[in-house]
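Next comes upload15.cif, with mmCIF, C-alpha atoms.
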```cif
data_work
#
loop_
_atom_site.label_atom_id
_atom_site.label_comp_id
_atom_site.auth_asym_id
_atom_site.auth_seq_id
_atom_site.Cartn_x
_atom_site.Cartn_y
_atom_site.Cartn_z
CA MET A 1 -6.94 -39.57 9.12
CA ASP A 2 -9.21 -41.37 11.57
CA PHE A 3 -6.89 -41.03 14.52
CA LEU A 4 -6.34 -37.34 13.86
CA PHE A 5 -10.03 -36.58 13.46
CA PRO A 6 -11.94 -39.27 15.34
CA GLY A 7 -15.36 -37.84 14.60
CA GLY A 8 -14.61 -37.22 10.93
CA PHE A 9 -13.19 -34.02 9.53
CA HIS A 10 -15.30 -30.90 9.87
CA TYR A 11 -14.27 -27.41 9.02
CA PRO A 12 -14.10 -25.36 12.22
CA ALA A 13 -16.84 -22.82 12.72
CA ILE A 14 -14.86 -19.61 12.27
CA HIS A 15 -15.78 -16.11 11.28
CA ILE A 16 -14.22 -15.51 7.88
CA PRO A 17 -13.53 -11.77 7.52
CA SER A 18 -15.74 -10.23 4.89
CA LEU A 19 -14.37 -8.39 1.86
CA SER A 20 -15.52 -5.07 3.24
CA GLY A 21 -17.12 -3.92 6.47
CA GLU A 22 -20.30 -5.33 7.95
CA PRO A 23 -22.80 -2.99 9.64
CA LEU A 24 -22.25 -2.91 13.36
CA PHE A 25 -25.80 -2.10 14.38
CA ALA A 26 -28.86 -3.06 12.36
CA SER A 27 -30.33 0.41 12.84
CA ILE A 28 -27.27 2.27 11.47
CA PRO A 29 -26.37 0.59 8.17
CA TRP A 30 -23.53 2.96 7.26
CA TYR A 31 -21.51 2.47 10.45
CA THR A 32 -19.49 -0.70 9.89
CA ASN A 33 -16.98 -2.63 11.97
CA THR A 34 -14.27 -1.06 9.79
CA HIS A 35 -15.29 2.36 11.03
CA PHE A 36 -15.15 1.14 14.61
CA THR A 37 -11.64 -0.33 14.28
CA MET A 38 -10.46 2.72 12.36
CA LEU A 39 -11.75 4.89 15.19
CA ILE A 40 -9.66 2.85 17.65
CA VAL A 41 -6.57 3.20 15.44
CA ILE A 42 -7.05 6.95 15.08
CA VAL A 43 -7.65 7.44 18.80
CA VAL A 44 -4.51 5.45 19.64
CA LEU A 45 -2.35 7.35 17.13
CA ALA A 46 -3.74 10.75 18.11
CA GLY A 47 -3.42 9.95 21.80
CA LEU A 48 0.17 8.81 21.41
CA SER A 49 1.14 11.91 19.46
CA PHE A 50 -0.70 14.13 21.96
CA LEU A 51 1.09 12.50 24.90
CA ALA A 52 4.43 12.70 23.09
CA THR A 53 4.14 16.40 22.30
CA ARG A 54 2.39 17.56 25.49
CA ASP A 55 5.44 19.03 27.16
CA LEU A 56 8.28 19.30 24.65
CA ARG A 57 11.76 19.32 26.18
CA GLU A 58 15.05 20.38 24.71
CA VAL A 59 16.54 17.03 25.71
CA PRO A 60 13.90 14.45 24.77
CA SER A 61 13.05 11.56 27.03
CA GLY A 62 10.50 8.80 27.13
CA LEU A 63 7.67 9.03 24.64
CA GLN A 64 9.02 12.18 23.00
CA ASN A 65 12.24 10.31 22.30
CA GLY A 66 10.34 7.51 20.58
CA ALA A 67 8.27 9.94 18.51
CA GLU A 68 11.41 11.83 17.46
CA THR A 69 13.07 8.57 16.48
CA VAL A 70 10.10 7.59 14.31
CA VAL A 71 9.74 10.97 12.61
CA GLY A 72 13.50 11.38 12.17
CA GLY A 73 13.83 7.87 10.76
CA LEU A 74 11.03 8.49 8.28
CA SER A 75 12.55 11.81 7.28
CA ASP A 76 15.98 10.26 6.75
CA PHE A 77 14.48 7.43 4.76
CA LEU A 78 12.51 9.76 2.50
CA HIS A 79 15.60 11.91 2.05
CA SER A 80 17.69 8.89 1.10
CA VAL A 81 15.12 7.87 -1.52
CA ALA A 82 14.12 11.15 -3.14
CA GLY A 83 16.20 13.91 -1.60
CA ASP A 84 14.52 17.22 -0.88
CA GLU A 85 11.34 16.28 -2.67
CA GLY A 86 10.86 13.39 -0.24
CA VAL A 87 11.40 15.50 2.89
CA LYS A 88 8.92 18.02 1.53
CA ARG A 89 6.25 15.30 1.42
CA LEU A 90 7.01 14.04 4.92
CA PRO A 91 3.79 15.29 6.60
CA LEU A 92 1.54 13.51 4.11
CA LEU A 93 3.63 10.39 3.56
CA GLY A 94 4.53 9.95 7.22
CA THR A 95 0.88 10.22 8.26
CA LEU A 96 -0.12 7.71 5.60
CA PHE A 97 2.67 5.35 6.66
CA LEU A 98 1.79 5.51 10.36
CA PHE A 99 -1.92 5.08 9.73
CA ILE A 100 -1.47 2.17 7.34
CA LEU A 101 1.11 0.53 9.61
CA ALA A 102 -1.10 0.85 12.69
CA SER A 103 -4.08 -0.45 10.71
CA ASN A 104 -2.07 -3.39 9.38
CA TRP A 105 -0.84 -4.27 12.83
CA THR A 106 -4.28 -4.25 14.44
CA THR A 107 -4.66 -7.79 13.21
CA ILE A 108 -1.90 -9.15 15.46
CA PHE A 109 -4.08 -8.32 18.46
CA PRO A 110 -6.52 -11.07 19.39
CA PHE A 111 -10.05 -10.99 18.00
CA VAL A 112 -9.41 -8.40 15.28
CA GLY A 113 -10.79 -9.98 12.12
CA GLN A 114 -12.06 -12.99 14.05
CA VAL A 115 -15.14 -11.48 15.67
CA PRO A 116 -17.85 -9.70 13.66
CA TRP A 117 -17.37 -6.31 15.28
CA LEU A 118 -13.64 -5.82 14.67
CA HIS A 119 -12.22 -5.69 11.15
CA LYS A 120 -8.80 -4.53 10.03
CA PRO A 121 -9.29 -1.14 8.30
CA THR A 122 -6.87 -1.80 5.43
CA ALA A 123 -8.62 -5.10 4.71
CA ASP A 124 -11.64 -3.06 3.62
CA TYR A 125 -11.15 -1.84 0.07
CA HIS A 126 -13.17 1.31 0.70
CA VAL A 127 -10.48 2.61 3.05
CA ASN A 128 -7.68 1.84 0.60
CA PHE A 129 -9.60 3.29 -2.32
CA GLY A 130 -10.22 6.47 -0.35
CA ILE A 131 -6.53 6.83 0.48
CA ALA A 132 -5.44 6.02 -3.08
CA LEU A 133 -7.94 8.42 -4.63
CA SER A 134 -7.01 11.33 -2.37
CA VAL A 135 -3.31 10.71 -2.98
CA PHE A 136 -4.00 10.59 -6.73
CA VAL A 137 -5.75 13.96 -6.63
CA LEU A 138 -2.95 15.42 -4.49
CA TYR A 139 -0.12 14.40 -6.76
CA GLN A 140 -1.94 15.56 -9.85
CA ILE A 141 -2.40 18.94 -8.15
CA SER A 142 1.26 19.13 -7.21
CA GLY A 143 2.21 18.14 -10.77
CA PHE A 144 0.12 20.97 -12.18
CA ARG A 145 1.52 23.37 -9.60
CA ALA A 146 5.10 22.45 -10.47
CA ASN A 147 4.83 22.27 -14.25
CA GLY A 148 1.83 24.41 -15.11
CA LEU A 149 -0.24 23.33 -18.07
CA GLY A 150 2.88 21.74 -19.53
CA TYR A 151 2.12 18.86 -17.19
CA MET A 152 -0.51 17.74 -19.70
CA LYS A 153 2.31 17.12 -22.19
CA ARG A 154 2.99 13.75 -20.62
CA TRP A 155 -0.40 12.52 -21.85
CA PHE A 156 -1.00 14.60 -24.99
CA ASN A 157 2.37 15.21 -26.58
CA LEU A 158 2.15 16.73 -30.04
CA SER A 159 5.78 17.84 -30.19
CA GLY A 160 6.81 14.70 -32.11
CA PHE A 161 5.05 15.92 -35.25
CA LYS A 162 7.79 18.40 -36.01
CA ASP A 163 10.10 15.43 -36.60
CA GLY A 164 7.69 13.68 -38.93
CA PRO A 165 4.30 12.00 -38.70
CA PHE A 166 5.64 8.60 -37.60
CA LEU A 167 7.35 9.93 -34.48
CA GLY A 168 4.29 12.07 -33.75
CA ALA A 169 2.01 9.05 -33.88
CA ILE A 170 4.34 7.15 -31.53
CA PHE A 171 4.33 10.06 -29.06
CA ILE A 172 0.51 10.15 -29.16
CA LEU A 173 0.39 6.41 -28.51
CA VAL A 174 2.87 6.65 -25.63
CA GLY A 175 0.82 9.47 -24.11
CA PHE A 176 -2.31 7.33 -24.41
CA ILE A 177 -0.64 4.41 -22.60
CA GLU A 178 0.70 6.79 -19.96
CA PHE A 179 -2.77 8.21 -19.41
CA PHE A 180 -4.33 4.82 -18.77
CA SER A 181 -1.47 3.60 -16.59
CA GLU A 182 -2.02 6.80 -14.60
CA LEU A 183 -5.65 5.85 -13.98
CA PHE A 184 -4.66 2.25 -13.27
CA ARG A 185 -2.35 3.40 -10.47
CA VAL A 186 -5.34 4.08 -8.22
CA VAL A 187 -6.63 0.55 -8.79
CA THR A 188 -3.27 -1.14 -8.18
CA LEU A 189 -2.55 0.93 -5.06
CA THR A 190 -5.94 -0.09 -3.68
CA LEU A 191 -5.82 -3.74 -4.64
CA ARG A 192 -2.23 -4.39 -3.56
CA LEU A 193 -2.78 -3.27 0.00
CA TRP A 194 -6.26 -4.75 0.21
CA GLY A 195 -5.33 -8.14 -1.21
CA ASN A 196 -2.31 -8.52 1.05
CA MET A 197 -4.13 -7.46 4.17
CA LEU A 198 -7.31 -9.44 3.54
CA GLY A 199 -5.23 -12.50 2.71
CA GLY A 200 -3.26 -12.09 5.91
CA GLU A 201 -6.38 -11.66 8.00
CA ILE A 202 -8.06 -14.74 6.50
CA THR A 203 -4.84 -16.74 6.95
CA LEU A 204 -4.61 -15.79 10.62
CA GLY A 205 -8.26 -16.58 11.25
CA VAL A 206 -8.13 -19.93 9.46
CA MET A 207 -4.79 -20.98 10.96
CA SER A 208 -5.68 -20.15 14.53
CA ALA A 209 -8.95 -22.05 14.15
CA LEU A 210 -7.64 -24.96 12.09
CA LEU A 211 -4.52 -25.99 13.98
CA ILE A 212 -5.46 -28.05 17.00
CA ILE A 213 -2.37 -27.28 19.07
CA PRO A 214 -2.54 -23.68 20.28
CA GLY A 215 0.40 -21.54 19.31
CA LEU A 216 1.04 -23.18 15.96
CA ALA A 217 -0.42 -20.09 14.28
CA PHE A 218 2.41 -18.05 15.79
CA PRO A 219 4.71 -18.12 12.71
CA PHE A 220 1.90 -16.59 10.70
CA TYR A 221 1.73 -13.74 13.18
CA GLY A 222 5.41 -13.04 12.51
CA LEU A 223 4.73 -13.15 8.79
CA GLU A 224 1.80 -10.79 9.24
CA VAL A 225 3.92 -8.28 11.15
CA PHE A 226 6.54 -8.36 8.39
CA VAL A 227 4.02 -8.13 5.55
CA GLY A 228 2.22 -5.27 7.27
CA LEU A 229 5.45 -3.30 7.61
CA VAL A 230 6.52 -4.00 4.02
CA GLN A 231 3.13 -3.08 2.58
CA ALA A 232 2.98 0.19 4.50
CA LEU A 233 6.52 0.96 3.32
CA VAL A 234 5.66 0.05 -0.26
CA PHE A 235 2.55 2.20 -0.24
CA MET A 236 4.55 5.16 1.01
CA LEU A 237 7.37 4.57 -1.48
CA LEU A 238 5.03 4.23 -4.44
CA VAL A 239 3.17 7.40 -3.52
CA LEU A 240 6.53 9.15 -3.20
CA MET A 241 7.55 7.86 -6.64
CA TYR A 242 4.28 9.16 -8.12
CA PHE A 243 4.89 12.55 -6.52
CA VAL A 244 8.45 12.67 -7.84
CA SER A 245 7.45 11.64 -11.35
CA ALA A 246 4.63 14.20 -11.35
CA VAL A 247 6.80 17.07 -10.15
CA GLU A 248 9.84 16.51 -12.34
CA SER A 249 9.47 18.35 -15.61
CA HIS A 250 9.44 16.31 -18.78
CA GLY A 251 10.26 18.93 -21.35
CA ASP A 252 13.50 20.82 -21.78
CA HIS A 253 15.13 21.88 -18.54
CA ALA A 254 16.09 25.34 -19.76
CA LYS A 255 12.67 26.89 -19.08
CA ASP A 256 12.13 25.12 -15.80
CA PRO A 257 9.00 26.76 -14.35
CA HIS A 258 8.87 25.13 -10.93
CA SER A 259 11.61 27.06 -9.17
CA ALA A 260 8.94 29.20 -7.48
CA ALA A 261 7.29 26.16 -5.91
CA GLN A 262 10.44 24.95 -4.17
CA PRO A 263 10.48 25.05 -0.36
CA ALA A 264 12.63 27.55 1.49
CA HIS A 265 14.62 24.96 3.43
CA SER A 266 17.08 22.71 1.66
CA LEU A 267 18.94 19.80 3.16
CA ALA A 268 20.75 18.70 0.03
CA PRO A 269 21.64 20.23 -3.33
CA ALA A 270 18.71 20.17 -5.72
CA ALA A 271 18.59 17.32 -8.20
CA HIS A 272 18.26 19.54 -11.26
CA MET B 1 -20.87 -24.21 -9.33
CA ASP B 2 -18.10 -26.82 -9.16
CA THR B 3 -16.42 -25.37 -12.22
CA ALA B 4 -16.56 -21.94 -10.60
CA ALA B 5 -14.70 -23.28 -7.56
CA LEU B 6 -12.15 -24.92 -9.88
CA ALA B 7 -11.79 -21.64 -11.77
CA ALA B 8 -11.22 -19.70 -8.57
CA GLY B 9 -8.46 -22.07 -7.48
CA LEU B 10 -6.87 -22.11 -10.93
CA ALA B 11 -7.02 -18.32 -11.23
CA VAL B 12 -5.10 -17.85 -8.01
CA GLY B 13 -2.69 -20.74 -8.53
CA LEU B 14 -1.76 -20.01 -12.13
CA GLY B 15 -1.74 -16.28 -11.66
CA VAL B 16 0.78 -16.46 -8.84
CA ILE B 17 3.38 -18.41 -10.88
CA GLY B 18 4.60 -15.40 -12.82
CA PRO B 19 5.00 -12.97 -9.91
CA GLY B 20 6.61 -15.76 -7.88
CA LEU B 21 9.25 -16.32 -10.56
CA GLY B 22 9.70 -12.58 -10.94
CA ILE B 23 10.19 -11.93 -7.24
CA GLY B 24 12.58 -14.89 -7.03
CA ILE B 25 14.74 -13.55 -9.86
CA LEU B 26 14.55 -10.05 -8.39
CA THR B 27 15.66 -11.15 -4.94
CA ALA B 28 18.46 -13.33 -6.31
CA LYS B 29 19.80 -10.52 -8.44
CA SER B 30 19.63 -7.95 -5.65
CA SER B 31 21.34 -10.32 -3.22
CA GLU B 32 24.04 -10.69 -5.85
CA ALA B 33 24.25 -6.93 -6.18
CA ILE B 34 24.51 -6.44 -2.42
CA GLY B 35 27.22 -9.11 -2.30
CA ARG B 36 29.20 -7.35 -5.00
CA ASN B 37 28.76 -3.89 -3.55
CA PRO B 38 27.74 -3.92 0.13
CA ASP B 39 27.95 -0.12 0.33
CA ALA B 40 24.94 0.22 -1.96
CA ALA B 41 22.84 -2.16 0.14
CA GLY B 42 20.33 0.50 1.15
CA ALA B 43 19.56 1.71 -2.35
CA VAL B 44 19.42 -1.83 -3.72
CA ARG B 45 17.06 -2.91 -0.97
CA THR B 46 14.72 0.02 -1.59
CA ASN B 47 14.60 -0.73 -5.29
CA MET B 48 14.12 -4.42 -4.56
CA ILE B 49 11.11 -3.75 -2.32
CA LEU B 50 9.60 -1.42 -4.92
CA GLY B 51 10.08 -3.94 -7.72
CA ALA B 52 8.77 -6.77 -5.59
CA ALA B 53 5.68 -4.69 -4.81
CA LEU B 54 5.09 -4.00 -8.48
CA ALA B 55 5.51 -7.67 -9.40
CA GLU B 56 3.38 -8.76 -6.50
CA GLY B 57 0.55 -6.49 -7.62
CA LEU B 58 -0.13 -8.86 -10.53
CA GLY B 59 -0.36 -11.83 -8.21
CA ILE B 60 -2.65 -9.85 -5.95
CA LEU B 61 -4.89 -9.12 -8.94
CA SER B 62 -5.35 -12.84 -9.53
CA PHE B 63 -5.96 -13.31 -5.80
CA VAL B 64 -8.70 -10.66 -5.95
CA LEU B 65 -10.18 -12.43 -8.98
CA GLY B 66 -10.21 -15.67 -7.02
CA ILE B 67 -11.89 -13.96 -4.06
CA LEU B 68 -14.52 -12.47 -6.37
CA LEU B 69 -15.21 -15.90 -7.89
CA TRP B 70 -15.41 -17.36 -4.39
CA THR B 71 -18.07 -14.84 -3.41
CA LYS B 72 -20.01 -15.92 -6.53
CA ILE B 73 -19.97 -19.51 -5.29
CA ARG B 74 -21.17 -18.83 -1.77
#
```
Let me see the file written as structure tokens.
Amino acid sequence: MDFLFPGGFHYPAIHIPSLSGEPLFASIPWYTNTHFTMLIVIVVLAGLSFLATRDLREVPSGLQNGAETVVGGLSDFLHSVAGDEGVKRLPLLGTLFLFILASNWTTIFPFVGQVPWLHKPTADYHVNFGIALSVFVLYQISGFRANGLGYMKRWFNLSGFKDGPFLGAIFILVGFIEFFSELFRVVTLTLRLWGNMLGGEITLGVMSALLIIPGLAFPFYGLEVFVGLVQALVFMLLVLMYFVSAVESHGDHAKDPHSAAQPAHSLAPAAH
Amino acid sequence: MDTAALAAGLAVGLGVIGPGLGIGILTAKSSEAIGRNPDAAGAVRTNMILGAALAEGLGILSFVLGILLWTKIR
């Protein structure tokens, strides 16, 4: 090792990204570097969508073409996964996907995560917890709207008792497990995105500081781009799955109460 | 303090074995499925990514545990 590290091995002095944001100014403790980077992401996304939709043409060109490709691709993808239900959730899920993707990809720009005043937003668990919690509330609301109070039957199902006490007890137990896995979804949504993104950010910081030859960290940048895309996709897909499982009725299909909540447009025959 | 560092490393290393095996099996099986029926490649790939995300969540939990232990050491 002597000829590789003539002066002895020392860990390079790098800025390891913190688990959550660090205050940007000492006088404003609540404004962290996460807020600052998130502001940049939001300004870029809003600016791009403003420029793309400023003068809409019948025959799209330039930026409008790109925006239509993105939105149309997302819509097709959601339709291929969940049919009409997916297209109905496009505004929410597409916004989430674009925001998470842009946040994940901030780290491939130099200095993000490597200087104290720039920090990838999705590598701060507060951001992910906020997104996961609001999505949780939204899909519970849409479950209640689609199924009425019968939505509670998935957690507290007493209908098994008419077939005997044993089956009733099993139904109660299953509802109990379902209830806690429901609560655990918020935690796993948060931690999956956060762990992946923080790990990627630390890897990039360490690799670009550790490897002596510049450019050897490049493969990790490719990996980071891929992981960022996959994690944004997975977040969107899981939220879509939660929406679908909340909206579909669990009881008998004969008295299906959610026909009033269906959207007017329909691109494919309904699943029921 | 030293045992805490050892525990952090072990928590991540041991906790990642299971999800690694799971994702390996998952990817092998879905490659097999795509090879058998290339028309269903899209659906299989979507399900594969979903399953891989669910399996990976467990590994990420151990990673988070390791990170939390690491912040205890510092």
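When you apply the PyMOL selection byres ((chain A) within 7 of (chain B)) to this structure, what comes back is Thr188, Leu191, Arg192, Gly195 and Val234 of chain A.
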With C-alpha atoms retained, write the just-selected residues as an mmCIF file, in the frame of the given file.
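part18.cif, written as the output of this step:
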```cif
data_model
loop_
_atom_site.group_PDB
_atom_site.id
_atom_site.type_symbol
_atom_site.label_atom_id
_atom_site.label_comp_id
_atom_site.auth_asym_id
_atom_site.auth_seq_id
_atom_site.Cartn_x
_atom_site.Cartn_y
_atom_site.Cartn_z
ATOM 1 C CA THR A 188 -3.270 -1.140 -8.180
ATOM 2 C CA LEU A 191 -5.820 -3.740 -4.640
ATOM 3 C CA ARG A 192 -2.230 -4.390 -3.560
ATOM 4 C CA GLY A 195 -5.330 -8.140 -1.210
ATOM 5 C CA VAL A 234 5.660 0.050 -0.260
#
```
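Atom CA of Gly94 of chain A is positioned 7.8 Å from atom CA of Met236 of chain A.
Counting from atom CA of Lys153 of chain A, the distance to atom CA of Phe171 of chain A is 10.1 Å.
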Mind checking which residues fall within 10 Å of Met241 of chain A, counting all atoms listed in the file, ignoring those fewer than 3 positions away in the same chain, and posting them as a short mmCIF file (atom, residue, chain, number, x, y, z; two decimals) with C-alpha atoms, keeping the file's coordinate frame?
```cif
data_model
loop_
_atom_site.label_atom_id
_atom_site.label_comp_id
_atom_site.auth_asym_id
_atom_site.auth_seq_id
_atom_site.Cartn_x
_atom_site.Cartn_y
_atom_site.Cartn_z
CA VAL A 81 15.12 7.87 -1.52
CA ALA A 82 14.12 11.15 -3.14
CA GLY A 86 10.86 13.39 -0.24
CA PHE A 235 2.55 2.20 -0.24
CA MET A 236 4.55 5.16 1.01
CA LEU A 237 7.37 4.57 -1.48
CA LEU A 238 5.03 4.23 -4.44
CA VAL A 244 8.45 12.67 -7.84
CA SER A 245 7.45 11.64 -11.35
CA ALA A 246 4.63 14.20 -11.35
CA VAL A 247 6.80 17.07 -10.15
CA LEU B 50 9.60 -1.42 -4.92
#
```
(message) as an NGL selection string, please: the residues near Gly66 of chain B (cut-off 12 Å, only C-alpha atoms, same-chain neighbours under 5 positions excluded).
(response) (:A and (195 or 199)) or (:B and (4-16 or 59-61 or 71-73))
Selected residues written out with C-alpha atoms, as a short mmCIF file (atom, residue, chain, number, x, y, z; two decimals), in the coordinates of the input:
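File produced: result_11.cif:
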```
data_model
loop_
_atom_site.label_atom_id
_atom_site.label_comp_id
_atom_site.auth_asym_id
_atom_site.auth_seq_id
_atom_site.Cartn_x
_atom_site.Cartn_y
_atom_site.Cartn_z
CA GLY A 195 -5.33 -8.14 -1.21
CA GLY A 199 -5.23 -12.50 2.71
CA ALA B 4 -16.56 -21.94 -10.60
CA ALA B 5 -14.70 -23.28 -7.56
CA LEU B 6 -12.15 -24.92 -9.88
CA ALA B 7 -11.79 -21.64 -11.77
CA ALA B 8 -11.22 -19.70 -8.57
CA GLY B 9 -8.46 -22.07 -7.48
CA LEU B 10 -6.87 -22.11 -10.93
CA ALA B 11 -7.02 -18.32 -11.23
CA VAL B 12 -5.10 -17.85 -8.01
CA GLY B 13 -2.69 -20.74 -8.53
CA LEU B 14 -1.76 -20.01 -12.13
CA GLY B 15 -1.74 -16.28 -11.66
CA VAL B 16 0.78 -16.46 -8.84
CA GLY B 59 -0.36 -11.83 -8.21
CA ILE B 60 -2.65 -9.85 -5.95
CA LEU B 61 -4.89 -9.12 -8.94
CA THR B 71 -18.07 -14.84 -3.41
CA LYS B 72 -20.01 -15.92 -6.53
CA ILE B 73 -19.97 -19.51 -5.29
#
```
(request) Tell me which protein, DNA and RNA residues are within 10 Å of Ile34 of chain B, counting all atoms listed in the file, leaving out same-chain ones fewer than 5 positions away, and put them as a ChimeraX atom specification. (result) /B:28-29,39-45
(request) Return the single residue from B:Ala55, B:Thr3, B:Pro38, B:Glu32 that is closest to Gly20 of chain B, with distances computed using all atoms listed in the file. (result) B:Ala55
(message) I'd like the neighbourhood of Met38 of chain A as a ChimeraX atom specification, where a residue qualifies if any of its atoms comes within 12 Å (using all atoms listed in the file), though same-chain residues fewer than 5 positions away should be ignored.
(response) /A:21,31-33,43-46,99-100,102-106,112,117-124,127
